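Enquirer: Pasting a structure below so you can have a look.
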Amino acid sequence: MSDRELEDATTAEVRVDSPTEPGPVRGSSPAPVEGGNPEAGSQALRELLERTRLQRLAELRESSPEPQPEDVAKAAAAKAAKPGRSSGRSKPRTDHRGASQRIAQKVARRTVGKLVSGTTENTQPVPIVTALKGTPYQAPVQAQEPSEDEARMILDLAADIAAMMMRAGAGTSDVEVSVIAACTACGLATVEVDLTSNTLVVHYSTSDGRLLTVMRVNRGESTHFAKLASVHKLVTDLVDGRLEFHEARSRLDAIRTQRRPFPEWFTVGAWGFMVGALVLLLGGGPIAVPLGIAMAIVVFQLGKLLGRTHLPAFFITALQAASATLIATIAGDVGIIDSPQYLVAAGIVLLLPTQSLYSAVQDALTNFPLTAAGRLVGVFMTLAGIVSGIALGIVCGQAIGLGHIEVLVPKTSPHVVTAILSMVAAAVVSMSGAVAMSARRRFILPAALVGLASHITMMSLTLLNIDNVLASLLAATVTGFLSRPLALRLGAPAIVLMIPGIYTLLQGLSIFTAVYQIASDSENVSFAVGLSSLFTAILANAALAVGAVLGSYLALPLKNLKSQNFKSQSSAEEKVEEVRSGETSTAVIDSVQPGGAKTQSSGPGGSGTQAGGPGGSGAATSGLGGSGAATSGLGGSGAADATETGPIQT
């Protein structure tokens, strides 16, 4: 057969000859049985296979290095030095064909191994408990997997916790980690959480494949930092193993009806004192301070009255801003105060969506884009209402013949008395903000400390001629850095101290100056300059939120300041440890605690928790108690509690 015929043998039809010998042909497959594949005995295919094998052997010979003369001599000497070896008993040499087969098998095994076990770690499902890394709940005590009825009760508890936190003013990331920590501590280690700006959905799949889903909808917010701190303490006790499920259910039902720590008239007065302190902080005179308090009370009551008409928040904010502008303009035109711009600036700070802005930036930076987008829309509409209200007040003042406001304040050299008064005013602003947001009494002085440190940082950066946006970012970073460890030590999330501390840094005066330049008829200032100033003022306020989030993450190494009572184990906990020491744990999760302690939690099928701290270890695994025990509030509806509405519509 010619070479041309051999090359075409794989595609052309070749006549099949009967094998002349019954045995298999060397280098080919065994002879087929009668009625098998007729091409197996083809002479052309056998020659083609033989030719391919010879080419493969030639390639192997070329790729293998030629032995050096020294290596050959050494090998011969070593072979001759071996005693007791007869030529008849020596191992037969393996032909080239066997070596090529071994090489091919080795390459095949290596390739198959890469295909089977070569997937990267990122493609594997990530356990939900890893979301707790860097949070106060990073080492939850994990109970055994509960039954289906118990799992539904746990989901109801977690959903009620989330709904209460969302309404009280918590951020999205705080709500998510609280739900995950509560579910993990109660034995639901495979729970999934889907959270948006006003909707929470919790999914869980039982061991037999049944799906359980619980949903809660939040239709309004009413800031209540005392309730938020109580829920945080509840989740902390549940995660640390100091609380069982039924006790947690009872405590949550009690928190639902928790009253505000201060009466309504006291809260309204706190808003007024905050505005008066802001007037003093900005540079207002002694008459402007009580006038600012009275103006804040009027604006607050106006917003509360308009809120009963179910008017959209945009119009309520616009009317509040217009009333504050008119009050300040009239006071300046009559001659009661010399600088009405400070009064308007303090009123703007009262109306700014500080908490919503911080939560929106936090959601955007912590991979909650949908929730961040929803919050940013609300923040934009509130800012638009403030700008529209200021412009409306300026136009109405000019229409009735009120005087011109000198918004450009000349810079003055710093004075010791002025600096001391401004620091006192900054502390009062933060304290009043904590009271107005219904924080507990023990948070008032730490809030004053955080606000004072933030103001001193901002004042120092301003004296160093640092850009306003950069100075706002750095000062807010100090706020977040101090708020997180102090709040955790007091048993509350960082937002309880962070928002009151930011109030001393808000840019209300720059917003009023920019809007006044846009709305008033001025030959010296163009519309483009006023619009640029407004954008810069809004950017500075956004930098405050970014800096607060950054400072909170920089304070993660200080999590050992969290308040914990490291005591010796009780007798019950020691019994649990003895029982647990003889069991084999599955799905071990390691977490390094402050002081070098390690926590090991076992998943379903075995219990095992060893939590240690600087003073000793001891966190007992807590289950669900008895499945037949009576529980209160099963399937909680998450109904909104009766709370007052603050001056800021969020």
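Ordered as shown in the structure tokens, chains take letters A, B, and onward, while each chain numbers its residues from 1 and ligands are numbered from 1 in the order shown.
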Per DSSP on the backbone, what are the helix (DSSP H, G or I) residues of range 237-334 of chain A, as a ChimeraX atom specification?
Expert: /A:237-239,245-256,264-282,288-307,313-334
Enquirer: Residues at most 10 Å from Tyr358 in chain A, counting only C-alpha atoms, excluding those fewer than 5 positions away in the same chain, as a list in words?
Expert: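 The residues that qualify are Gly171, Pro353, Asp363, Ala364, Arg375, Leu376, Val379, Ile495, Met498, Ile499, Ile502, Asn541, Ala542, Ala543, Leu544, Ala545, Val546, Gly547, Ala548 and Val549 of chain A.
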Enquirer: Kindly export the residues of the current selection with C-alpha atoms, as a PDB file, in the first residue's frame.
Expert:
```pdb
ATOM      1  CA  GLY A 171     -28.003  50.266  59.058  1.00  0.00           C
ATOM      2  CA  PRO A 353     -31.093  63.686  56.573  1.00  0.00           C
ATOM      3  CA  ASP A 363     -24.794  50.381  52.334  1.00  0.00           C
ATOM      4  CA  ALA A 364     -22.962  51.468  49.194  1.00  0.00           C
ATOM      5  CA  ARG A 375     -31.747  55.494  50.465  1.00  0.00           C
ATOM      6  CA  LEU A 376     -29.894  57.901  48.159  1.00  0.00           C
ATOM      7  CA  VAL A 379     -31.616  61.728  50.685  1.00  0.00           C
ATOM      8  CA  ILE A 495     -24.499  54.430  65.099  1.00  0.00           C
ATOM      9  CA  MET A 498     -21.771  58.281  65.548  1.00  0.00           C
ATOM     10  CA  ILE A 499     -24.798  60.308  64.454  1.00  0.00           C
ATOM     11  CA  ILE A 502     -21.469  64.083  63.237  1.00  0.00           C
ATOM     12  CA  ASN A 541     -21.617  66.496  53.853  1.00  0.00           C
ATOM     13  CA  ALA A 542     -21.255  63.256  51.894  1.00  0.00           C
ATOM     14  CA  ALA A 543     -17.575  63.141  52.886  1.00  0.00           C
ATOM     15  CA  LEU A 544     -18.703  63.136  56.508  1.00  0.00           C
ATOM     16  CA  ALA A 545     -20.589  59.881  55.963  1.00  0.00           C
ATOM     17  CA  VAL A 546     -17.662  58.309  54.089  1.00  0.00           C
ATOM     18  CA  GLY A 547     -15.238  59.278  56.843  1.00  0.00           C
ATOM     19  CA  ALA A 548     -17.520  57.900  59.551  1.00  0.00           C
ATOM     20  CA  VAL A 549     -17.691  54.515  57.799  1.00  0.00           C
TER      21      VAL A 549
END
```
Enquirer: Extract, using only C-alpha atoms, all DNA, RNA and protein residues at most 7 Å from Val201 in chain A, discarding same-chain residues fewer than 4 positions from it, and format them as a PDB file with C-alpha atoms, in the first residue's frame.
Expert:
```pdb
ATOM      1  CA  VAL A 193     -30.905  36.575  54.200  1.00  0.00           C
ATOM      2  CA  ASP A 194     -32.261  38.866  51.480  1.00  0.00           C
ATOM      3  CA  LEU A 195     -32.541  42.451  52.693  1.00  0.00           C
ATOM      4  CA  THR A 213     -39.374  31.406  54.310  1.00  0.00           C
ATOM      5  CA  VAL A 214     -40.288  34.346  56.533  1.00  0.00           C
ATOM      6  CA  MET A 215     -40.755  37.933  55.331  1.00  0.00           C
ATOM      7  CA  ARG A 216     -41.107  41.287  57.090  1.00  0.00           C
TER       8      ARG A 216
END
```
Enquirer: Neighbouring residues of range 469-481 of chain A were defined as those with any atom within 8 Å, considering only C-alpha atoms; residues of the same chain fewer than 2 positions away were excluded. Please report them as a short mmCIF file (atom, residue, chain, number, x, y, z; two decimals) with N, CA and C atoms, in the first residue's frame.
Expert:
```cif
data_model
loop_
_atom_site.label_atom_id
_atom_site.label_comp_id
_atom_site.auth_asym_id
_atom_site.auth_seq_id
_atom_site.Cartn_x
_atom_site.Cartn_y
_atom_site.Cartn_z
N VAL A 450 -17.30 62.24 71.94
CA VAL A 450 -17.06 62.01 70.51
C VAL A 450 -17.26 63.31 69.72
N GLY A 451 -18.32 64.04 70.02
CA GLY A 451 -18.56 65.30 69.32
C GLY A 451 -17.48 66.33 69.58
N ALA A 453 -14.27 65.69 70.34
CA ALA A 453 -13.07 65.27 69.61
C ALA A 453 -13.20 65.56 68.12
N SER A 454 -14.38 65.37 67.57
CA SER A 454 -14.59 65.65 66.15
C SER A 454 -14.44 67.14 65.86
N HIS A 455 -15.02 67.98 66.74
CA HIS A 455 -14.93 69.42 66.53
C HIS A 455 -13.50 69.92 66.66
N THR A 457 -10.80 68.24 66.01
CA THR A 457 -10.10 67.82 64.80
C THR A 457 -10.43 68.72 63.62
N MET A 458 -11.72 69.04 63.45
CA MET A 458 -12.12 69.91 62.36
C MET A 458 -11.54 71.31 62.51
N LEU A 461 -7.76 71.21 61.63
CA LEU A 461 -7.52 71.10 60.19
C LEU A 461 -7.86 72.40 59.47
N THR A 462 -8.85 73.11 59.95
CA THR A 462 -9.20 74.39 59.33
C THR A 462 -8.09 75.41 59.56
N ILE A 466 -6.46 73.27 55.52
CA ILE A 466 -6.81 72.06 54.77
C ILE A 466 -8.13 72.30 54.04
N ASP A 467 -8.25 71.71 52.87
CA ASP A 467 -9.48 71.86 52.09
C ASP A 467 -10.68 71.40 52.89
N SER A 483 -16.36 56.14 67.93
CA SER A 483 -17.73 55.70 68.22
C SER A 483 -17.84 54.20 68.35
N ARG A 484 -17.15 53.46 67.51
CA ARG A 484 -17.33 52.00 67.51
C ARG A 484 -16.89 51.35 68.82
N PRO A 485 -15.65 51.54 69.29
CA PRO A 485 -15.28 50.85 70.54
C PRO A 485 -16.06 51.34 71.75
N ALA A 494 -22.50 51.11 66.78
CA ALA A 494 -21.72 52.35 66.67
C ALA A 494 -22.57 53.55 66.27
N MET A 498 -22.32 57.69 66.75
CA MET A 498 -21.77 58.28 65.55
C MET A 498 -22.63 59.43 65.03
N GLY A 501 -22.34 62.60 67.10
CA GLY A 501 -21.02 63.20 66.92
C GLY A 501 -20.86 63.91 65.60
N ILE A 502 -21.58 63.46 64.55
CA ILE A 502 -21.47 64.08 63.24
C ILE A 502 -22.18 65.43 63.19
N LEU A 505 -20.28 68.58 62.75
CA LEU A 505 -19.49 68.75 61.53
C LEU A 505 -20.33 69.08 60.30
N THR A 536 -20.33 71.70 46.13
CA THR A 536 -19.23 71.51 47.08
C THR A 536 -19.75 71.29 48.50
N LEU A 539 -21.12 67.82 48.70
CA LEU A 539 -20.00 66.87 48.69
C LEU A 539 -19.31 66.81 50.05
N ALA A 540 -19.20 67.94 50.73
CA ALA A 540 -18.59 67.95 52.06
C ALA A 540 -19.44 67.16 53.05
N ASN A 541 -20.75 67.29 52.96
CA ASN A 541 -21.62 66.50 53.85
C ASN A 541 -21.55 65.01 53.53
N ALA A 543 -18.89 63.57 52.38
CA ALA A 543 -17.57 63.14 52.89
C ALA A 543 -17.64 62.82 54.37
N LEU A 544 -18.54 63.46 55.09
CA LEU A 544 -18.70 63.14 56.51
C LEU A 544 -19.16 61.69 56.68
N ALA A 545 -20.11 61.26 55.87
CA ALA A 545 -20.59 59.88 55.96
C ALA A 545 -19.50 58.89 55.57
N VAL A 546 -18.74 59.21 54.51
CA VAL A 546 -17.66 58.31 54.09
C VAL A 546 -16.60 58.19 55.18
N GLY A 547 -16.24 59.32 55.78
CA GLY A 547 -15.24 59.28 56.84
C GLY A 547 -15.71 58.52 58.07
N ALA A 548 -16.99 58.64 58.40
CA ALA A 548 -17.52 57.90 59.55
C ALA A 548 -17.45 56.39 59.32
N VAL A 549 -17.78 55.94 58.11
CA VAL A 549 -17.69 54.52 57.80
C VAL A 549 -16.23 54.06 57.83
N LEU A 550 -15.34 54.89 57.28
CA LEU A 550 -13.92 54.53 57.29
C LEU A 550 -13.38 54.42 58.71
N GLY A 551 -13.72 55.38 59.55
CA GLY A 551 -13.25 55.31 60.94
C GLY A 551 -13.77 54.10 61.68
N SER A 552 -15.01 53.71 61.39
CA SER A 552 -15.57 52.52 62.03
C SER A 552 -14.79 51.27 61.64
N TYR A 553 -14.36 51.17 60.39
CA TYR A 553 -13.59 49.99 59.98
C TYR A 553 -12.15 50.05 60.50
N LEU A 554 -11.61 51.26 60.65
CA LEU A 554 -10.27 51.36 61.22
C LEU A 554 -10.25 50.97 62.69
N ALA A 555 -11.40 51.04 63.34
CA ALA A 555 -11.48 50.70 64.76
C ALA A 555 -11.72 49.22 65.00
#
```
Enquirer: Show me, as a short mmCIF file (atom, residue, chain, number, x, y, z; two decimals) with N, CA and C atoms, in the first residue's frame, the residues that have an atom within 10 Å of Val387 in chain A when counting only C-alpha atoms, minus same-chain residues fewer than 2 positions from it.
Expert:
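File produced: out.cif:
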```cif
data_model
loop_
_atom_site.label_atom_id
_atom_site.label_comp_id
_atom_site.auth_asym_id
_atom_site.auth_seq_id
_atom_site.Cartn_x
_atom_site.Cartn_y
_atom_site.Cartn_z
N THR A 317 -40.58 69.14 54.26
CA THR A 317 -39.23 69.67 54.45
C THR A 317 -39.09 71.05 53.82
N ALA A 318 -39.67 71.24 52.65
CA ALA A 318 -39.58 72.54 51.98
C ALA A 318 -40.26 73.63 52.81
N ALA A 321 -38.04 74.43 55.86
CA ALA A 321 -36.88 75.25 55.50
C ALA A 321 -37.29 76.68 55.17
N ALA A 322 -38.43 76.85 54.51
CA ALA A 322 -38.90 78.21 54.19
C ALA A 322 -39.25 78.98 55.45
N ILE A 348 -31.02 74.49 59.01
CA ILE A 348 -30.75 73.53 57.94
C ILE A 348 -30.15 72.25 58.51
N MET A 381 -34.10 63.67 47.64
CA MET A 381 -35.37 64.39 47.71
C MET A 381 -35.42 65.30 48.94
N THR A 382 -34.84 64.86 50.05
CA THR A 382 -34.81 65.71 51.25
C THR A 382 -33.93 66.93 51.01
N LEU A 383 -32.76 66.75 50.41
CA LEU A 383 -31.90 67.88 50.09
C LEU A 383 -32.57 68.82 49.10
N ALA A 384 -33.28 68.25 48.14
CA ALA A 384 -34.01 69.09 47.19
C ALA A 384 -35.10 69.88 47.89
N GLY A 385 -35.76 69.28 48.87
CA GLY A 385 -36.76 70.01 49.64
C GLY A 385 -36.15 71.14 50.45
N GLY A 389 -36.99 74.97 49.81
CA GLY A 389 -37.55 75.77 50.90
C GLY A 389 -36.75 77.02 51.18
N ILE A 390 -35.41 76.91 51.14
CA ILE A 390 -34.58 78.10 51.35
C ILE A 390 -34.82 79.11 50.25
N ALA A 391 -34.86 78.64 49.01
CA ALA A 391 -35.12 79.55 47.89
C ALA A 391 -36.50 80.20 48.01
N LEU A 392 -37.49 79.42 48.44
CA LEU A 392 -38.83 79.98 48.62
C LEU A 392 -38.84 81.04 49.71
N GLY A 393 -38.14 80.79 50.81
CA GLY A 393 -38.07 81.78 51.87
C GLY A 393 -37.37 83.05 51.44
N ILE A 511 -24.39 75.37 52.71
CA ILE A 511 -25.58 75.12 51.88
C ILE A 511 -26.42 76.38 51.76
N PHE A 512 -26.65 77.09 52.87
CA PHE A 512 -27.44 78.31 52.82
C PHE A 512 -26.76 79.39 51.98
N ALA A 514 -24.72 78.97 49.43
CA ALA A 514 -24.83 78.63 48.01
C ALA A 514 -26.24 78.88 47.48
N VAL A 515 -27.25 78.47 48.24
CA VAL A 515 -28.63 78.67 47.78
C VAL A 515 -28.98 80.15 47.74
N TYR A 516 -28.49 80.92 48.69
CA TYR A 516 -28.77 82.36 48.70
C TYR A 516 -28.13 83.04 47.49
N ALA A 519 -30.48 82.09 44.52
CA ALA A 519 -31.84 82.64 44.52
C ALA A 519 -31.88 84.16 44.49
N LEU A 534 -22.96 75.05 45.88
CA LEU A 534 -23.94 74.09 46.42
C LEU A 534 -23.43 72.66 46.27
#
```
Enquirer: So how far away is CA of Arg167 in chain A from CA of Leu252 in chain A, in Å?
Expert: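 Answer for the CA of Leu252 in chain A to CA of Arg167 in chain A separation: 14.3 Å.
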Enquirer: So how many Å separate CA of Phe315 in chain A and CA of Ile405 in chain A, to one decimal?
Expert: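 Computed distance, CA of Phe315 in chain A to CA of Ile405 in chain A, equals 24.9 Å.
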Enquirer: My list of candidates is A:Asp333, A:Asp338, A:Glu192, A:Glu244. Which is closest to Gly283 in chain A when distances are computed with only C-alpha atoms?
Expert: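 Of A:Asp333, A:Asp338, A:Glu192, A:Glu244, the one nearest Gly283 in chain A is A:Asp338, counting only C-alpha atoms.
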Enquirer: Which of these, A:Ala151, A:Ala229, A:Leu211, A:Leu243, has the shortest distance to Met164 in chain A once you count only C-alpha atoms?
Expert: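 The shortest atom-to-atom distance to Met164 in chain A comes from A:Ala229.
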